[in-house]
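*Asks:* There's a structure below that I have some questions on.
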Protein chains: 2
Amino acid sequence: MSEFTETSRLNFIVEMLKINTSASIAEIAEACHVSQMTIRRDLQKLTETGQVIRIPGGARIEHWRGAERSFFERLQKMGHAKRSIGATAASLIKDGESVVLDSGTTTLYVARELRIRKNVVVFTFSLAVLEELTSAEHIRVELTGGVYRSSSHDLIGPAVAKSLTSIYADTVIFGAAAISLSRGVMVHDPDAQYELLRAGRRKVLVVDSSKIGTEATYRLCGIEDCDLILTDKGISNDALTRLRRMTEVQVTNLR
Amino acid sequence: MSEFTETSRLNFIVEMLKINTSASIAEIAEACHVSQMTIRRDLQKLTETGQVIRIPGGARIEHWRGAERSFFERLQKMGHAKRSIGATAASLIKDGESVVLDSGTTTLYVARELRIRKNVVVFTFSLAVLEELTSAEHIRVELTGGVYRSSSHDLIGPAVAKSLTSIYADTVIFGAAAISLSRGVMVHDPDAQYELLRAGRRKVLVVDSSKIGTEATYRLCGIEDCDLILTDKGISNDALTRLRRMTEVQVTNLR
DNA sequence: AGGCTATTTGTTATTTATTAACATTGTCCT
DNA sequence: AGGACAATGTTAATAAATAACAAATAGCCT
């Protein structure tokens, strides 16, 4: 076994963990010919970058690594607003119904709250939504096809829209990048979402209030095309009044 | 917060971790109104059943839980035979080519060895294959649509076959439940696999030698329909001779 | 090269976490 | 009631994590 530079040692540790999922600090230190303290510091760095997880006396690696980890980290930091929106959206879905779920952090909270439903069919192109629902016994998840995109942990490309054409669910719950009072519902990446809107009868938009009154690149649809908009208490009275002239808006209230 | 029975407390801890991915022993103990020692013992049980992971001072939960956990455990226990087959199969794929990868443990090893390729497009309905390749920078993974099945961590149903119809790749690498010298390549669940075979030009079958000479429920295709069969050294000379009368067979040899 | 700085690593002491052993409580069964 | 068993709590001993400091190393500037 040769000597290491610092960075090559970090890589070596990750590779070591890929082989056996976990290893003790003593084992790693011996394999690298450095002190345990050095390995502790290495593991701290690797933990910060999300590459490994510390366990008492050692470390282990997750099956899912890399980009989608930052996705989950983003998710964890978000507060009660999205959770409250998610719970309200989920309450709209009754047992036995079918629902199309958009990709995005807010809709992920919807998925989380949907777990208690029974005999629900969920269509989605978000792997995060799928993951959130795999442990739910009575929920069937149907994934669209598509090319995997790690940054948002979902599927993109023409196959997504193509898969959605054959779906018509009771409800579609979707997010948006921005809500412009004049221009309507706006998104960054409209490809799949046009088809998404067509894939459900009742169209429910879930957005946290920080998005309201902002702009983004593409217009997805008009405010009035949504059957219901769910948002949190952060919305201004003015914006609320104006939105309510166009469609039904519900401000979620759960603590 | 009410009192707990022992088993309901274990469930509560898991649910608690599902919400926030991780929690400290002190937090859990307080939430449950029991001593930290009791929580330590609970976490030990939950660690043994694979439901949580201990971290120093607390516990956390994996993003993927439940059925697919046993899937990865199965995978780890498997020996060099499949790994060797996987490496040989991966060596057949050149940079820039496209390949269809079946679901299954052997093909998962192929995926693992494919990570070093560049500009390869991989089509699959196996989420395990997708996971294996997400960290590979230069590989594009295109997932078929379908209903998620946790036991094998892949997608099933009519959408799988439908997605495959529009694909024609350079190579298809597939597994089998059994190889009958008289009846041909046999599988347990033929639905998607018929279409899988059509989705690639060169058809490569990967099977560990224990499957050769056994039987399963459905016939997928004849031996002679495979362009190449990859297996390990465990194959008998007799079987090898007979298979080679029908198609090319390569016995992998990597240590 | 010489000397400066910053980084990495090792050592030690201190705090914190884990384990093991034993005491207590409570439940179930006869 | 009394005994067996499981679950929980308490304490002491052991192990691990952290923090603080010292030594070694690698650049980098003149």
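In the structure tokens, chains take letters A, B, ... by order of appearance, with residues numbered from 1 within each chain and ligands from 1 in the order shown.
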Which of segment 19-180 of chain B counts as strand (DSSP E) under DSSP, as number ranges by chain please?
*Replies:* B: 22-24, 53-55, 58-60, 98-101, 120-124, 139-143, 146-149, 154-156, 169-174, 178-180
*Asks:* Would you put the residues from that selection into a file with C-alpha atoms, as an mmCIF file, in the first residue's frame?
*Replies:*
data_model
loop_
_atom_site.group_PDB
_atom_site.id
_atom_site.type_symbol
_atom_site.label_atom_id
_atom_site.label_comp_id
_atom_site.auth_asym_id
_atom_site.auth_seq_id
_atom_site.Cartn_x
_atom_site.Cartn_y
_atom_site.Cartn_z
ATOM 1 C CA SER B 22 -32.038 12.372 11.780
ATOM 2 C CA ALA B 23 -32.525 13.027 15.485
ATOM 3 C CA SER B 24 -30.435 12.921 18.639
ATOM 4 C CA ILE B 53 -28.679 3.893 11.037
ATOM 5 C CA ARG B 54 -26.898 4.920 14.192
ATOM 6 C CA ILE B 55 -24.883 8.114 14.091
ATOM 7 C CA GLY B 58 -28.401 9.855 17.575
ATOM 8 C CA ALA B 59 -29.845 8.031 14.592
ATOM 9 C CA ARG B 60 -30.870 8.682 11.035
ATOM 10 C CA SER B 98 -26.147 2.748 -26.342
ATOM 11 C CA VAL B 99 -27.229 -0.225 -24.306
ATOM 12 C CA VAL B 100 -30.430 -1.625 -22.867
ATOM 13 C CA LEU B 101 -29.974 -3.102 -19.405
ATOM 14 C CA VAL B 120 -22.928 5.903 -23.102
ATOM 15 C CA VAL B 121 -26.720 5.947 -23.082
ATOM 16 C CA VAL B 122 -28.302 3.313 -20.871
ATOM 17 C CA PHE B 123 -31.968 2.370 -21.182
ATOM 18 C CA THR B 124 -33.448 0.474 -18.276
ATOM 19 C CA ILE B 139 -23.477 8.308 -18.656
ATOM 20 C CA ARG B 140 -27.023 9.192 -19.529
ATOM 21 C CA VAL B 141 -29.689 6.994 -18.047
ATOM 22 C CA GLU B 142 -33.088 6.837 -19.656
ATOM 23 C CA LEU B 143 -35.719 5.168 -17.558
ATOM 24 C CA GLY B 146 -43.975 1.880 -15.297
ATOM 25 C CA VAL B 147 -45.369 0.990 -11.911
ATOM 26 C CA TYR B 148 -42.835 0.749 -9.124
ATOM 27 C CA ARG B 149 -42.318 -2.674 -7.613
ATOM 28 C CA ASP B 154 -37.776 -1.800 -10.656
ATOM 29 C CA LEU B 155 -40.725 -0.856 -12.851
ATOM 30 C CA ILE B 156 -43.341 -3.200 -14.231
ATOM 31 C CA ALA B 169 -29.922 0.385 -28.990
ATOM 32 C CA ASP B 170 -26.625 -1.135 -30.039
ATOM 33 C CA THR B 171 -26.726 -3.833 -27.412
ATOM 34 C CA VAL B 172 -29.194 -5.364 -25.006
ATOM 35 C CA ILE B 173 -27.813 -7.095 -21.931
ATOM 36 C CA PHE B 174 -30.341 -9.261 -20.172
ATOM 37 C CA ALA B 178 -32.990 -20.342 -15.913
ATOM 38 C CA ILE B 179 -31.304 -21.757 -19.001
ATOM 39 C CA SER B 180 -32.831 -24.987 -20.187
#
*Asks:* Residues of chain D within 10 Å of chain B, counting only C-alpha atoms (C1' of nucleotides), what are they? List them as a list in words.
*Replies:*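 Residues of chain D within 10 Å of chain B, counting only C-alpha atoms (C1' of nucleotides): DA7, DT8, DG9, DT10, DA16 and DA17 of chain D.
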*Asks:* List the neighbours of segment 230-241 of chain A out to 12 Å using only C-alpha atoms (C1' of nucleotides); skip same-chain residues closer than 3 positions along the sequence, and give me the result as a PyMOL selection string.
*Replies:* chain A and resi 79-92+106-107+110+173-176+179-182+203-214+226-227+244-255
*Asks:* With N, CA and C atoms retained, export the selected residues as a short mmCIF file (atom, residue, chain, number, x, y, z; two decimals), in the first residue's frame.
*Replies:*
data_model
loop_
_atom_site.label_atom_id
_atom_site.label_comp_id
_atom_site.auth_asym_id
_atom_site.auth_seq_id
_atom_site.Cartn_x
_atom_site.Cartn_y
_atom_site.Cartn_z
N GLY A 79 -39.28 25.14 5.78
CA GLY A 79 -40.02 25.26 7.01
C GLY A 79 -41.44 24.73 6.96
N HIS A 80 -42.23 25.31 7.80
CA HIS A 80 -43.59 24.84 7.99
C HIS A 80 -44.50 25.23 6.84
N ALA A 81 -44.15 26.29 6.13
CA ALA A 81 -45.05 26.78 5.08
C ALA A 81 -45.36 25.68 4.08
N LYS A 82 -44.30 25.06 3.51
CA LYS A 82 -44.53 24.04 2.48
C LYS A 82 -45.20 22.81 3.07
N ARG A 83 -44.85 22.53 4.31
CA ARG A 83 -45.44 21.37 4.94
C ARG A 83 -46.95 21.57 5.10
N SER A 84 -47.29 22.76 5.47
CA SER A 84 -48.70 23.08 5.65
C SER A 84 -49.45 23.04 4.33
N ILE A 85 -48.83 23.57 3.30
CA ILE A 85 -49.42 23.49 1.97
C ILE A 85 -49.58 22.04 1.54
N GLY A 86 -48.52 21.26 1.81
CA GLY A 86 -48.55 19.85 1.43
C GLY A 86 -49.69 19.10 2.10
N ALA A 87 -49.88 19.37 3.38
CA ALA A 87 -50.94 18.66 4.12
C ALA A 87 -52.32 19.03 3.58
N THR A 88 -52.50 20.31 3.27
CA THR A 88 -53.80 20.73 2.74
C THR A 88 -54.05 20.12 1.37
N ALA A 89 -53.04 20.13 0.53
CA ALA A 89 -53.18 19.54 -0.80
C ALA A 89 -53.53 18.06 -0.69
N ALA A 90 -52.82 17.37 0.21
CA ALA A 90 -53.07 15.94 0.36
C ALA A 90 -54.49 15.69 0.84
N SER A 91 -55.04 16.61 1.63
CA SER A 91 -56.40 16.40 2.15
C SER A 91 -57.44 16.50 1.03
N LEU A 92 -57.07 17.06 -0.09
CA LEU A 92 -58.00 17.15 -1.22
C LEU A 92 -58.17 15.80 -1.92
N THR A 106 -42.22 21.54 -3.03
CA THR A 106 -43.55 21.66 -2.43
C THR A 106 -44.38 20.41 -2.69
N THR A 107 -44.36 19.93 -3.92
CA THR A 107 -45.14 18.73 -4.22
C THR A 107 -44.60 17.52 -3.47
N VAL A 110 -46.43 17.28 -0.48
CA VAL A 110 -47.74 16.68 -0.75
C VAL A 110 -47.61 15.16 -0.71
N ILE A 173 -51.56 17.99 -9.18
CA ILE A 173 -51.02 18.95 -8.23
C ILE A 173 -49.65 19.37 -8.75
N PHE A 174 -49.51 20.66 -9.02
CA PHE A 174 -48.26 21.10 -9.64
C PHE A 174 -47.74 22.36 -8.97
N GLY A 175 -46.46 22.59 -9.14
CA GLY A 175 -45.81 23.76 -8.58
C GLY A 175 -45.47 24.74 -9.67
N ALA A 176 -44.87 25.86 -9.29
CA ALA A 176 -44.49 26.87 -10.26
C ALA A 176 -43.27 27.60 -9.75
N ILE A 179 -45.45 33.26 -9.68
CA ILE A 179 -46.82 33.60 -10.02
C ILE A 179 -46.84 35.10 -10.31
N SER A 180 -47.02 35.44 -11.58
CA SER A 180 -47.15 36.84 -11.95
C SER A 180 -48.62 37.19 -12.03
N LEU A 181 -49.00 38.27 -11.36
CA LEU A 181 -50.43 38.62 -11.34
C LEU A 181 -50.91 39.01 -12.73
N SER A 182 -50.00 39.52 -13.53
CA SER A 182 -50.41 39.89 -14.88
C SER A 182 -50.17 38.76 -15.89
N LYS A 203 -57.21 20.92 -11.39
CA LYS A 203 -55.84 21.44 -11.43
C LYS A 203 -55.56 22.26 -10.17
N VAL A 204 -54.65 21.76 -9.33
CA VAL A 204 -54.34 22.42 -8.07
C VAL A 204 -52.90 22.91 -8.11
N LEU A 205 -52.73 24.21 -7.93
CA LEU A 205 -51.39 24.79 -7.92
C LEU A 205 -50.93 24.98 -6.48
N VAL A 206 -49.76 24.48 -6.14
CA VAL A 206 -49.21 24.68 -4.80
C VAL A 206 -47.95 25.55 -4.90
N VAL A 207 -47.99 26.70 -4.24
CA VAL A 207 -46.81 27.59 -4.24
C VAL A 207 -46.66 28.24 -2.87
N ASP A 208 -45.42 28.34 -2.41
CA ASP A 208 -45.25 29.12 -1.19
C ASP A 208 -45.34 30.60 -1.55
N SER A 209 -45.71 31.40 -0.57
CA SER A 209 -46.08 32.79 -0.84
C SER A 209 -44.93 33.63 -1.39
N SER A 210 -43.69 33.19 -1.19
CA SER A 210 -42.56 33.97 -1.68
C SER A 210 -42.53 34.04 -3.20
N LYS A 211 -43.22 33.13 -3.85
CA LYS A 211 -43.21 33.09 -5.32
C LYS A 211 -44.24 34.03 -5.92
N ILE A 212 -45.16 34.50 -5.09
CA ILE A 212 -46.28 35.28 -5.62
C ILE A 212 -45.86 36.72 -5.87
N GLY A 213 -46.12 37.18 -7.07
CA GLY A 213 -45.70 38.51 -7.46
C GLY A 213 -44.33 38.55 -8.09
N THR A 214 -43.71 37.38 -8.30
CA THR A 214 -42.41 37.33 -8.97
C THR A 214 -42.60 36.87 -10.42
N CYS A 226 -56.19 27.52 -13.26
CA CYS A 226 -56.09 26.68 -12.07
C CYS A 226 -57.46 26.61 -11.40
N ASP A 227 -57.84 25.42 -10.96
CA ASP A 227 -59.10 25.30 -10.23
C ASP A 227 -58.93 25.78 -8.80
N ARG A 244 -57.93 36.18 -6.09
CA ARG A 244 -59.28 35.61 -5.87
C ARG A 244 -60.29 36.11 -6.88
N ARG A 245 -59.96 37.19 -7.55
CA ARG A 245 -60.83 37.62 -8.66
C ARG A 245 -60.71 36.66 -9.84
N MET A 246 -59.61 35.91 -9.87
CA MET A 246 -59.37 35.03 -11.02
C MET A 246 -59.69 33.57 -10.75
N THR A 247 -59.47 33.12 -9.53
CA THR A 247 -59.76 31.71 -9.22
C THR A 247 -59.87 31.55 -7.70
N GLU A 248 -60.15 30.33 -7.28
CA GLU A 248 -60.25 30.04 -5.86
C GLU A 248 -58.85 29.93 -5.26
N VAL A 249 -58.62 30.64 -4.16
CA VAL A 249 -57.33 30.59 -3.48
C VAL A 249 -57.57 30.16 -2.04
N GLN A 250 -56.78 29.19 -1.58
CA GLN A 250 -56.91 28.76 -0.19
C GLN A 250 -55.59 29.01 0.51
N VAL A 251 -55.65 29.72 1.63
CA VAL A 251 -54.44 30.00 2.41
C VAL A 251 -54.37 28.97 3.52
N THR A 252 -53.29 28.18 3.52
CA THR A 252 -53.21 27.09 4.50
C THR A 252 -52.86 27.63 5.87
N ASN A 253 -53.23 26.87 6.84
CA ASN A 253 -53.28 27.43 8.18
C ASN A 253 -52.74 26.50 9.24
N LEU A 254 -52.28 25.34 8.83
CA LEU A 254 -51.82 24.37 9.83
C LEU A 254 -50.56 24.88 10.51
N ARG A 255 -50.46 24.56 11.79
CA ARG A 255 -49.30 25.06 12.55
C ARG A 255 -48.01 24.30 12.15
#
*Asks:* Considering only C-alpha atoms (C1' of nucleotides), extract the chain C residues located within 9 Å of chain A and return them as a short mmCIF file (atom, residue, chain, number, x, y, z; two decimals) with all heavy atoms, in the first residue's frame.
*Replies:*
data_model
loop_
_atom_site.label_atom_id
_atom_site.label_comp_id
_atom_site.auth_asym_id
_atom_site.auth_seq_id
_atom_site.Cartn_x
_atom_site.Cartn_y
_atom_site.Cartn_z
P DT C 8 -5.05 21.44 4.04
OP1 DT C 8 -5.46 20.94 2.72
OP2 DT C 8 -6.05 21.97 4.98
"O5'" DT C 8 -4.24 20.26 4.76
"C5'" DT C 8 -3.03 19.80 4.18
"C4'" DT C 8 -2.26 18.99 5.20
"O4'" DT C 8 -1.79 19.84 6.26
"C3'" DT C 8 -3.09 17.89 5.90
"O3'" DT C 8 -2.53 16.64 5.59
"C2'" DT C 8 -3.00 18.24 7.39
"C1'" DT C 8 -1.74 19.09 7.44
N1 DT C 8 -1.65 20.04 8.59
C2 DT C 8 -0.59 19.92 9.48
O2 DT C 8 0.26 19.06 9.38
N3 DT C 8 -0.60 20.84 10.49
C4 DT C 8 -1.51 21.86 10.70
O4 DT C 8 -1.40 22.63 11.64
C5 DT C 8 -2.59 21.93 9.74
C7 DT C 8 -3.63 22.99 9.87
C6 DT C 8 -2.60 21.02 8.74
P DT C 9 -3.21 15.31 6.07
OP1 DT C 9 -2.86 14.25 5.12
OP2 DT C 9 -4.63 15.61 6.34
"O5'" DT C 9 -2.49 15.00 7.44
"C5'" DT C 9 -1.09 14.70 7.44
"C4'" DT C 9 -0.57 14.70 8.86
"O4'" DT C 9 -0.83 15.98 9.47
"C3'" DT C 9 -1.23 13.67 9.78
"O3'" DT C 9 -0.27 12.68 10.11
"C2'" DT C 9 -1.69 14.47 11.00
"C1'" DT C 9 -0.92 15.78 10.85
N1 DT C 9 -1.60 16.97 11.42
C2 DT C 9 -1.01 17.61 12.48
O2 DT C 9 0.04 17.26 12.99
N3 DT C 9 -1.71 18.71 12.95
C4 DT C 9 -2.91 19.21 12.47
O4 DT C 9 -3.42 20.19 12.97
C5 DT C 9 -3.47 18.49 11.36
C7 DT C 9 -4.76 18.93 10.75
C6 DT C 9 -2.80 17.41 10.89
P DG C 10 -0.71 11.41 11.00
OP1 DG C 10 0.14 10.26 10.64
OP2 DG C 10 -2.18 11.28 10.96
"O5'" DG C 10 -0.26 11.89 12.45
"C5'" DG C 10 1.12 12.18 12.68
"C4'" DG C 10 1.32 12.70 14.09
"O4'" DG C 10 0.61 13.97 14.23
"C3'" DG C 10 0.77 11.80 15.21
"O3'" DG C 10 1.80 11.55 16.16
"C2'" DG C 10 -0.39 12.58 15.81
"C1'" DG C 10 -0.04 14.02 15.48
N9 DG C 10 -1.20 14.89 15.31
C8 DG C 10 -2.22 14.77 14.40
N7 DG C 10 -3.12 15.72 14.49
C5 DG C 10 -2.65 16.52 15.54
C6 DG C 10 -3.21 17.70 16.10
O6 DG C 10 -4.22 18.28 15.78
N1 DG C 10 -2.41 18.19 17.14
C2 DG C 10 -1.24 17.61 17.57
N2 DG C 10 -0.63 18.21 18.58
N3 DG C 10 -0.72 16.51 17.06
C4 DG C 10 -1.48 16.02 16.05
P DA C 17 -23.27 13.60 23.91
OP1 DA C 17 -24.02 14.08 22.74
OP2 DA C 17 -23.89 13.67 25.25
"O5'" DA C 17 -22.80 12.12 23.63
"C5'" DA C 17 -22.03 11.85 22.49
"C4'" DA C 17 -21.70 10.37 22.41
"O4'" DA C 17 -20.81 10.01 23.50
"C3'" DA C 17 -22.91 9.44 22.51
"O3'" DA C 17 -22.77 8.48 21.48
"C2'" DA C 17 -22.79 8.84 23.91
"C1'" DA C 17 -21.29 8.83 24.13
N9 DA C 17 -20.84 8.92 25.52
C8 DA C 17 -21.12 9.90 26.43
N7 DA C 17 -20.56 9.72 27.60
C5 DA C 17 -19.87 8.54 27.46
C6 DA C 17 -19.05 7.80 28.34
N6 DA C 17 -18.80 8.19 29.60
N1 DA C 17 -18.51 6.64 27.87
C2 DA C 17 -18.76 6.28 26.62
N3 DA C 17 -19.50 6.89 25.69
C4 DA C 17 -20.03 8.03 26.18
P DT C 18 -23.86 7.33 21.32
OP1 DT C 18 -23.93 7.02 19.89
OP2 DT C 18 -25.06 7.70 22.09
"O5'" DT C 18 -23.14 6.11 22.04
"C5'" DT C 18 -21.97 5.55 21.45
"C4'" DT C 18 -21.48 4.38 22.28
"O4'" DT C 18 -21.18 4.83 23.61
"C3'" DT C 18 -22.50 3.24 22.42
"O3'" DT C 18 -21.90 2.07 21.91
"C2'" DT C 18 -22.79 3.18 23.93
"C1'" DT C 18 -21.54 3.82 24.54
N1 DT C 18 -21.73 4.52 25.85
C2 DT C 18 -20.98 4.12 26.94
O2 DT C 18 -20.18 3.21 26.89
N3 DT C 18 -21.21 4.83 28.09
C4 DT C 18 -22.09 5.89 28.26
O4 DT C 18 -22.22 6.45 29.34
C5 DT C 18 -22.84 6.25 27.08
C7 DT C 18 -23.82 7.39 27.14
C6 DT C 18 -22.63 5.56 25.94
#
*Asks:* Calculate how many Å separate atom CA of Ile28 of chain A from atom CA of Thr49 of chain A, rounding to one decimal.
*Replies:*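 Between atom CA of Ile28 of chain A and atom CA of Thr49 of chain A the gap is 18.7 Å.
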*Asks:* What is the distance, in Å and to one decimal place, between atom C1' of DC28 of chain C and atom C1' of DG2 of chain D?
*Replies:*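 These atoms are spaced 12.2 Å apart.
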*Asks:* Do you know which residues are at most 10 Å from DA26 of chain D counting only C-alpha atoms (C1' of nucleotides), after dropping those on the same chain fewer than 2 positions away, and could you put them as a list in words?
*Replies:*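 Answer for this query is DA6, DT7 and DT8 of chain C; DA24 and DC28 of chain D.
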*Asks:* Generate the output file for the selected residues, C-alpha atoms (C1' of nucleotides), as an mmCIF file, in the first residue's frame.
*Replies:*
data_model
loop_
_atom_site.group_PDB
_atom_site.id
_atom_site.type_symbol
_atom_site.label_atom_id
_atom_site.label_comp_id
_atom_site.auth_asym_id
_atom_site.auth_seq_id
_atom_site.Cartn_x
_atom_site.Cartn_y
_atom_site.Cartn_z
ATOM 1 C "C1'" DA C 6 -0.490 28.322 5.903
ATOM 2 C "C1'" DT C 7 -1.822 23.609 5.921
ATOM 3 C "C1'" DT C 8 -1.737 19.090 7.440
ATOM 4 C "C1'" DA D 24 5.949 18.450 10.686
ATOM 5 C "C1'" DC D 28 5.695 30.899 -1.701
#
*Asks:* Excluding DT27 of chain C and its own-chain neighbours fewer than 4 positions away, which residues fall within 12 Å of it when counting only C-alpha atoms (C1' of nucleotides)? Please give them as number ranges by chain.
*Replies:* D: 4-7
*Asks:* Write out as a PyMOL selection string the set of residues from segment 1-187 of chain B that DSSP, computed on the backbone, places in alpha helix (DSSP H).
*Replies:* chain B and resi 6-20+25-32+36-48+67-77+80-91+105-114+127-134+158-165
*Asks:* Name the closest residue to chain A among the candidates B:Leu133, B:Ala216, B:Ile229, B:Ala26; distances are taken between atoms, counting only C-alpha atoms.
*Replies:* B:Leu133
*Asks:* Applying 10 Å and only C-alpha atoms (C1' of nucleotides), which residues near DA13 of chain C remain after dropping the ones on its own chain fewer than 2 positions away? List them as number ranges by chain.
*Replies:* C: 11, 15; D: 19-20
*Asks:* Grab the residues selected above and save them as a tab-separated table (two decimals), in the first residue's frame with C-alpha atoms (C1' of nucleotides).
*Replies:*
chain	number	residue	atom	x	y	z
C	11	DT	C1'	-0.51	14.26	20.62
C	15	DT	C1'	-15.94	16.17	27.29
D	19	DA	C1'	-10.86	20.81	21.31
D	20	DA	C1'	-6.53	22.72	22.02
*Asks:* Mind pulling up the distance from atom CA of Leu164 of chain A to atom CA of Ile93 of chain A?
*Replies:*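 Result for atom CA of Ile93 of chain A versus atom CA of Leu164 of chain A: 19.6 Å, one decimal.
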